[in-house]
>>> print(open('query.cif').read())   # mmCIF, C-alpha atoms
data_query
loop_
_atom_site.group_PDB
_atom_site.id
_atom_site.type_symbol
_atom_site.label_atom_id
_atom_site.label_comp_id
_atom_site.auth_asym_id
_atom_site.auth_seq_id
_atom_site.Cartn_x
_atom_site.Cartn_y
_atom_site.Cartn_z
ATOM 1 C CA MET G 1 111.874 48.449 97.687
ATOM 2 C CA TYR G 2 112.881 48.089 94.056
ATOM 3 C CA GLU G 3 115.039 45.013 94.647
ATOM 4 C CA LEU G 4 112.149 43.085 96.164
ATOM 5 C CA ASP G 5 110.094 43.533 93.002
ATOM 6 C CA SER G 6 112.842 42.533 90.566
ATOM 7 C CA TYR G 7 113.975 39.038 89.578
ATOM 8 C CA THR G 8 111.097 37.329 91.351
ATOM 9 C CA GLY G 9 110.310 34.962 88.496
ATOM 10 C CA ALA G 10 110.472 34.280 84.783
ATOM 11 C CA ASP G 11 109.322 36.937 82.327
ATOM 12 C CA GLU G 12 108.870 37.152 78.559
ATOM 13 C CA ASP G 13 112.645 37.135 78.024
ATOM 14 C CA SER G 14 113.253 34.026 80.124
ATOM 15 C CA PHE G 15 113.835 30.593 78.635
ATOM 16 C CA LEU G 16 111.529 27.678 79.258
ATOM 17 C CA ASP G 17 112.984 24.468 80.654
ATOM 18 C CA GLU G 18 112.073 22.793 77.354
ATOM 19 C CA GLU G 19 114.185 25.323 75.446
ATOM 20 C CA VAL G 20 117.112 24.712 77.771
ATOM 21 C CA GLU G 21 116.829 20.950 77.315
ATOM 22 C CA GLN G 22 116.773 21.405 73.555
ATOM 23 C CA ALA G 23 119.890 23.591 73.709
ATOM 24 C CA ALA G 24 121.717 21.131 75.960
ATOM 25 C CA ALA G 25 121.752 18.430 73.268
ATOM 26 C CA PRO G 26 124.098 20.165 70.757
ATOM 27 C CA LEU G 27 126.232 21.550 73.585
ATOM 28 C CA HIS G 28 126.952 18.068 74.894
ATOM 29 C CA ARG G 29 127.716 16.602 71.478
ATOM 30 C CA SER G 30 131.336 16.301 70.434
ATOM 31 C CA PRO G 31 132.634 18.712 67.758
ATOM 32 C CA ASP G 32 133.139 15.762 65.396
ATOM 33 C CA SER G 33 129.465 14.874 65.513
ATOM 34 C CA ASN G 34 128.503 18.498 64.858
ATOM 35 C CA GLY G 35 130.445 18.507 61.629
ATOM 36 C CA ALA G 36 130.302 14.857 60.657
ATOM 37 C CA GLY G 37 128.888 13.545 57.425
ATOM 38 C CA ASP G 38 128.905 14.515 53.779
ATOM 39 C CA ASP G 39 125.688 16.549 53.837
ATOM 40 C CA GLU G 40 126.826 20.179 53.908
ATOM 41 C CA ASP G 41 123.325 21.450 54.664
ATOM 42 C CA ALA G 42 123.059 19.149 57.677
ATOM 43 C CA GLU G 43 126.539 20.190 58.780
ATOM 44 C CA ASP G 44 125.588 23.871 58.573
ATOM 45 C CA ASP G 45 122.387 23.194 60.494
ATOM 46 C CA ASN G 46 124.350 21.423 63.225
ATOM 47 C CA TRP G 47 126.798 24.290 63.610
ATOM 48 C CA ARG G 48 123.973 26.822 63.581
ATOM 49 C CA ALA G 49 122.153 24.914 66.319
ATOM 50 C CA HIS G 50 125.381 24.711 68.299
ATOM 51 C CA GLY G 51 125.947 28.459 68.013
ATOM 52 C CA GLU G 52 122.377 29.251 69.036
ATOM 53 C CA ALA G 53 122.716 26.926 72.020
ATOM 54 C CA GLN G 54 125.930 28.659 73.071
ATOM 55 C CA GLN G 55 124.164 32.030 72.918
ATOM 56 C CA LEU G 56 121.269 30.703 74.983
ATOM 57 C CA ARG G 57 123.776 29.485 77.567
ATOM 58 C CA ILE G 58 125.360 32.942 77.743
ATOM 59 C CA ASN G 59 121.939 34.495 78.328
ATOM 60 C CA VAL G 60 120.955 31.988 81.009
ATOM 61 C CA PHE G 61 124.185 32.522 82.929
ATOM 62 C CA LYS G 62 123.830 36.292 82.607
ATOM 63 C CA GLU G 63 120.295 36.176 84.016
ATOM 64 C CA TRP G 64 121.417 33.853 86.813
ATOM 65 C CA ARG G 65 124.214 36.224 87.848
ATOM 66 C CA ARG G 66 121.904 39.227 87.784
ATOM 67 C CA ALA G 67 119.180 37.478 89.770
ATOM 68 C CA ALA G 68 121.687 36.249 92.359
ATOM 69 C CA ALA G 69 123.188 39.744 92.675
ATOM 70 C CA SER G 70 119.718 41.214 93.176
ATOM 71 C CA LEU G 71 118.957 38.644 95.877
ATOM 72 C CA HIS G 72 122.230 39.479 97.610
ATOM 73 C CA ARG G 73 121.529 43.220 97.515
ATOM 74 C CA ALA G 74 118.039 42.744 98.921
ATOM 75 C CA GLN G 75 119.368 40.512 101.694
ATOM 76 C CA SER G 76 122.010 43.113 102.560
ATOM 77 C CA VAL G 77 119.314 45.756 103.013
ATOM 78 C CA LEU G 78 117.239 43.442 105.196
ATOM 79 C CA ASP G 79 120.279 42.636 107.313
ATOM 80 C CA THR G 80 120.635 46.361 107.937
ATOM 81 C CA PHE G 81 116.933 46.763 108.778
ATOM 82 C CA PRO G 82 115.952 43.421 110.355
ATOM 83 C CA TRP G 83 112.442 44.598 111.296
ATOM 84 C CA LEU G 84 111.589 44.500 107.577
ATOM 85 C CA LYS G 85 112.340 40.794 107.193
ATOM 86 C CA SER G 86 108.867 39.508 108.024
ATOM 87 C CA TRP G 87 107.327 42.005 105.606
ATOM 88 C CA ALA G 88 109.778 41.006 102.850
ATOM 89 C CA ASP G 89 109.582 37.262 103.462
ATOM 90 C CA SER G 90 107.280 36.441 100.537
ATOM 91 C CA PRO G 91 109.153 38.312 97.760
ATOM 92 C CA MET G 92 112.490 37.068 99.104
ATOM 93 C CA LYS G 93 111.278 33.490 98.789
ATOM 94 C CA LEU G 94 110.245 34.182 95.199
ATOM 95 C CA LYS G 95 113.649 35.669 94.436
ATOM 96 C CA ALA G 96 115.458 32.697 95.983
ATOM 97 C CA GLU G 97 113.294 30.238 94.052
ATOM 98 C CA TYR G 98 113.999 32.079 90.802
ATOM 99 C CA VAL G 99 117.755 31.985 91.423
ATOM 100 C CA ALA G 100 117.508 28.259 92.148
ATOM 101 C CA SER G 101 115.568 27.624 88.932
ATOM 102 C CA LEU G 102 118.165 29.510 86.889
ATOM 103 C CA GLN G 103 120.931 27.550 88.581
ATOM 104 C CA LYS G 104 119.288 24.313 87.473
ATOM 105 C CA GLN G 105 119.007 25.593 83.910
ATOM 106 C CA ALA G 106 122.653 26.669 83.903
ATOM 107 C CA ALA G 107 123.722 23.261 85.179
ATOM 108 C CA ARG G 108 122.037 21.574 82.215
ATOM 109 C CA LEU G 109 124.095 23.659 79.794
ATOM 110 C CA VAL G 110 127.545 22.632 81.023
ATOM 111 C CA SER G 111 129.117 19.268 81.714
ATOM 112 C CA ARG G 112 131.051 18.205 84.785
ATOM 113 C CA GLU G 113 133.664 16.609 82.543
ATOM 114 C CA ALA G 114 134.266 19.878 80.677
ATOM 115 C CA LEU G 115 134.525 21.942 83.859
ATOM 116 C CA LEU G 116 136.989 19.560 85.503
ATOM 117 C CA ALA G 117 139.124 19.358 82.368
ATOM 118 C CA ALA G 118 139.145 23.147 82.003
ATOM 119 C CA ALA G 119 140.111 23.586 85.660
ATOM 120 C CA ARG G 120 143.018 21.174 85.299
ATOM 121 C CA ILE G 121 144.271 22.863 82.143
ATOM 122 C CA ALA G 122 143.932 26.363 83.619
ATOM 123 C CA ALA G 123 146.182 25.302 86.509
ATOM 124 C CA MET G 124 148.854 23.737 84.291
ATOM 125 C CA ASP G 125 152.288 25.233 83.856
ATOM 126 C CA THR G 126 153.706 25.630 80.374
ATOM 127 C CA PRO G 127 154.997 22.195 79.346
ATOM 128 C CA GLU G 128 158.325 21.454 77.718
ATOM 129 C CA LEU G 129 157.778 22.249 74.058
ATOM 130 C CA PRO G 130 159.486 20.570 71.061
ATOM 131 C CA SER G 131 161.131 23.743 69.775
ATOM 132 C CA GLU G 132 164.071 21.823 68.314
ATOM 133 C CA GLU G 133 161.994 19.329 66.329
ATOM 134 C CA ALA G 134 162.991 19.347 62.661
ATOM 135 C CA VAL G 135 159.386 19.650 61.488
ATOM 136 C CA PHE G 136 159.234 23.171 62.975
ATOM 137 C CA SER G 137 162.561 24.360 61.562
ATOM 138 C CA VAL G 138 160.821 26.244 58.741
ATOM 139 C CA LEU G 139 159.449 28.628 61.378
ATOM 140 C CA GLY G 140 162.928 29.792 62.328
ATOM 141 C CA ASN G 141 165.573 28.931 64.877
ATOM 142 C CA PRO G 142 164.661 27.039 68.066
ATOM 143 C CA THR G 143 164.149 30.296 69.965
ATOM 144 C CA ALA G 144 161.635 31.603 67.415
ATOM 145 C CA VAL G 145 159.913 28.226 67.262
ATOM 146 C CA GLY G 146 159.682 28.118 71.049
ATOM 147 C CA ASP G 147 158.082 31.571 71.116
ATOM 148 C CA GLN G 148 155.416 30.514 68.626
ATOM 149 C CA LEU G 149 154.695 27.244 70.400
ATOM 150 C CA ARG G 150 154.375 29.021 73.751
ATOM 151 C CA SER G 151 152.051 31.572 72.169
ATOM 152 C CA LEU G 152 149.873 28.774 70.815
ATOM 153 C CA TRP G 153 149.893 27.053 74.206
ATOM 154 C CA ARG G 154 148.830 30.250 76.020
ATOM 155 C CA GLN G 155 146.063 30.886 73.511
ATOM 156 C CA TRP G 156 144.779 27.326 73.898
ATOM 157 C CA ARG G 157 144.870 27.429 77.699
ATOM 158 C CA THR G 158 143.259 30.883 77.915
ATOM 159 C CA SER G 159 140.505 29.950 75.462
ATOM 160 C CA ILE G 160 139.635 26.888 77.533
ATOM 161 C CA ALA G 161 139.785 28.718 80.869
ATOM 162 C CA ASP G 162 137.368 31.379 79.559
ATOM 163 C CA SER G 163 134.899 28.921 78.065
ATOM 164 C CA TRP G 164 132.225 26.509 79.229
ATOM 165 C CA ASP G 165 133.000 24.153 76.340
ATOM 166 C CA HIS G 166 135.049 20.971 76.509
ATOM 167 C CA PRO G 167 138.777 21.435 75.718
ATOM 168 C CA ARG G 168 138.410 19.240 72.632
ATOM 169 C CA GLU G 169 136.403 22.096 71.083
ATOM 170 C CA TYR G 170 139.683 23.978 70.727
ATOM 171 C CA ASP G 171 141.684 21.374 68.826
ATOM 172 C CA TYR G 172 141.232 23.548 65.739
ATOM 173 C CA LEU G 173 143.802 26.020 67.119
ATOM 174 C CA THR G 174 146.619 23.615 66.237
ATOM 175 C CA TYR G 175 145.780 23.986 62.555
ATOM 176 C CA ARG G 176 146.949 27.583 62.647
ATOM 177 C CA LEU G 177 150.463 26.375 63.338
ATOM 178 C CA VAL G 178 150.136 23.577 60.784
ATOM 179 C CA HIS G 179 149.112 26.122 58.153
ATOM 180 C CA LYS G 180 152.062 28.307 59.055
ATOM 181 C CA VAL G 181 154.461 25.383 58.717
ATOM 182 C CA SER G 182 152.895 24.326 55.433
ATOM 183 C CA SER G 183 152.892 27.807 53.902
ATOM 184 C CA ARG G 184 156.627 28.181 54.496
ATOM 185 C CA ARG G 185 157.625 24.898 52.923
ATOM 186 C CA LYS G 186 158.829 24.962 49.344
ATOM 187 C CA GLY G 187 157.145 21.726 48.414
ATOM 188 C CA ARG G 188 154.322 19.550 49.636
ATOM 189 C CA ASP G 189 155.310 16.985 52.242
ATOM 190 C CA GLY G 190 153.982 15.218 55.277
ATOM 191 C CA ALA G 191 153.519 18.441 57.218
ATOM 192 C CA ASP G 192 150.813 19.703 54.869
ATOM 193 C CA PRO G 193 147.468 20.132 56.608
ATOM 194 C CA PRO G 194 144.487 17.994 55.640
ATOM 195 C CA ARG G 195 142.533 19.161 52.632
ATOM 196 C CA THR G 196 139.562 19.880 54.857
ATOM 197 C CA VAL G 197 140.275 21.680 58.103
ATOM 198 C CA PRO G 198 137.749 20.977 60.879
ATOM 199 C CA ARG G 199 135.448 23.902 61.320
ATOM 200 C CA ALA G 200 135.849 25.920 64.471
ATOM 201 C CA GLY G 201 132.181 26.765 64.581
ATOM 202 C CA PRO G 202 130.774 29.909 66.178
ATOM 203 C CA ARG G 203 132.797 30.860 69.219
ATOM 204 C CA CYS G 204 130.197 32.481 71.374
ATOM 205 C CA SER G 205 130.679 30.452 74.521
ATOM 206 C CA SER G 206 132.718 32.858 76.538
ATOM 207 C CA ARG G 207 132.068 32.947 80.259
ATOM 208 C CA THR G 208 132.068 36.702 80.309
#
>>> encode(input="query.cif", output="structure tokens")
Amino acid sequence: MYELDSYTGADEDSFLDEEVEQAAAPLHRSPDSNGAGDDEDAEDDNWRAHGEAQQLRINVFKEWRRAAASLHRAQSVLDTFPWLKSWADSPMKLKAEYVASLQKQAARLVSREALLAAARIAAMDTPELPSEEAVFSVLGNPTAVGDQLRSLWRQWRTSIADSWDHPREYDYLTYRLVHKVSSRRKGRDGADPPRTVPRAGPRCSSRT
């Protein structure tokens, strides 16, 4: 049986536990600490490490899903032909152990705090938005402002729901609206964005 011989343990494409631990560090740091400081080279290195860690997380979760699916398919076949179970006992144990090891690696790459926050935000209804605030009047009438604020809200909520990262990673989305407000003002005033906009960093943390 092909399924019994697949996903029975780590191979040359698998990640060592040490690599996962190394990737967990930048993933659990706050975005501010990734981009903090005046050293641009260090800042670039931090963002690069963060992006590489996000990609490793994607790969670990992908392998975990595939290994679990293979285990499920093999178990389904054995349920249909129960007399094969004793013969398949050894490889099935290996497959189950491999799935468990990948689950542990995946758990190191996400935080409970981030998952709970994302779950709460994903379940939220659209809040009452300040479409009549004077600061947004340059974007149009209250109806137009409301449409843009709701669009920003949906983008923020969807980005968080589809990501393993903490919601604070997506604060940068608000600067898109700030830039839009600023660009439509005739003069500089208090609504201008900061001179340096926080970097969004590589967005490769999708759950897909």
>>> closest_residue(input="query.cif", among="G:Val110, G:Ala100, G:Asp125, G:Pro130", to="G:Arg65", atoms="all atoms listed in the file")
G:Ala100
>>> residues_near_point(input="query.cif", point="(121.6, 29.9, 81.2)", cutoff="10 Å", atoms="all atoms listed in the file", output="PyMOL selection string")
chain G and resi 14-15+20+23+53-65+102-110
>>> resolve_selection(input="query.cif", expression="the PyMOL selection byres ((chain G and resi 5) around 10)", output="list in words")
Met1, Tyr2, Glu3, Leu4, Ser6, Tyr7, Thr8, Gly9, Ser70, Ala74, Pro91, Met92, Leu94 and Lys95 of chain G
>>> write_last_selection(input="query.cif", atoms="C-alpha atoms", output="PDB file, keeping the file's coordinate frame")
ATOM      1  CA  MET G   1     111.874  48.449  97.687  1.00  0.00           C
ATOM      2  CA  TYR G   2     112.881  48.089  94.056  1.00  0.00           C
ATOM      3  CA  GLU G   3     115.039  45.013  94.647  1.00  0.00           C
ATOM      4  CA  LEU G   4     112.149  43.085  96.164  1.00  0.00           C
ATOM      5  CA  SER G   6     112.842  42.533  90.566  1.00  0.00           C
ATOM      6  CA  TYR G   7     113.975  39.038  89.578  1.00  0.00           C
ATOM      7  CA  THR G   8     111.097  37.329  91.351  1.00  0.00           C
ATOM      8  CA  GLY G   9     110.310  34.962  88.496  1.00  0.00           C
ATOM      9  CA  SER G  70     119.718  41.214  93.176  1.00  0.00           C
ATOM     10  CA  ALA G  74     118.039  42.744  98.921  1.00  0.00           C
ATOM     11  CA  PRO G  91     109.153  38.312  97.760  1.00  0.00           C
ATOM     12  CA  MET G  92     112.490  37.068  99.104  1.00  0.00           C
ATOM     13  CA  LEU G  94     110.245  34.182  95.199  1.00  0.00           C
ATOM     14  CA  LYS G  95     113.649  35.669  94.436  1.00  0.00           C
TER      15      LYS G  95
END
>>> resolve_selection(input="query.cif", expression="the PyMOL selection byres ((chain G and resi 121) around 12)", output="short mmCIF file (atom, residue, chain, number, x, y, z; two decimals) with C-alpha atoms, keeping the file's coordinate frame")
data_model
loop_
_atom_site.label_atom_id
_atom_site.label_comp_id
_atom_site.auth_asym_id
_atom_site.auth_seq_id
_atom_site.Cartn_x
_atom_site.Cartn_y
_atom_site.Cartn_z
CA ALA G 114 134.27 19.88 80.68
CA LEU G 115 134.52 21.94 83.86
CA LEU G 116 136.99 19.56 85.50
CA ALA G 117 139.12 19.36 82.37
CA ALA G 118 139.15 23.15 82.00
CA ALA G 119 140.11 23.59 85.66
CA ARG G 120 143.02 21.17 85.30
CA ALA G 122 143.93 26.36 83.62
CA ALA G 123 146.18 25.30 86.51
CA MET G 124 148.85 23.74 84.29
CA ASP G 125 152.29 25.23 83.86
CA THR G 126 153.71 25.63 80.37
CA PRO G 127 155.00 22.20 79.35
CA TRP G 153 149.89 27.05 74.21
CA ARG G 154 148.83 30.25 76.02
CA GLN G 155 146.06 30.89 73.51
CA TRP G 156 144.78 27.33 73.90
CA ARG G 157 144.87 27.43 77.70
CA THR G 158 143.26 30.88 77.92
CA SER G 159 140.50 29.95 75.46
CA ILE G 160 139.64 26.89 77.53
CA ALA G 161 139.78 28.72 80.87
CA ASP G 162 137.37 31.38 79.56
CA SER G 163 134.90 28.92 78.06
CA HIS G 166 135.05 20.97 76.51
CA PRO G 167 138.78 21.44 75.72
CA ARG G 168 138.41 19.24 72.63
#
>>> atom_distance(input="query.cif", atom1="atom CA of G:Tyr98", atom2="atom CA of G:Asp11")
10.8 Å
>>> atom_distance(input="query.cif", atom1="atom CA of G:Glu128", atom2="atom CA of G:Ala144")
14.8 Å
>>> resolve_selection(input="query.cif", expression="the PyMOL selection byres ((chain G and resi 137) around 12)", output="JSON, numbers by chain")
{"G": [130, 131, 132, 133, 134, 135, 136, 138, 139, 140, 141, 142, 143, 144, 145, 146, 148, 180, 181, 182, 184, 185, 191]}
>>> atom_distance(input="query.cif", atom1="atom CA of G:Leu173", atom2="atom CA of G:Leu152")
7.6 Å
>>> closest_residue(input="query.cif", among="G:Trp164, G:Ser101, G:His179, G:Tyr172", to="G:Leu16", atoms="all atoms listed in the file")
G:Ser101
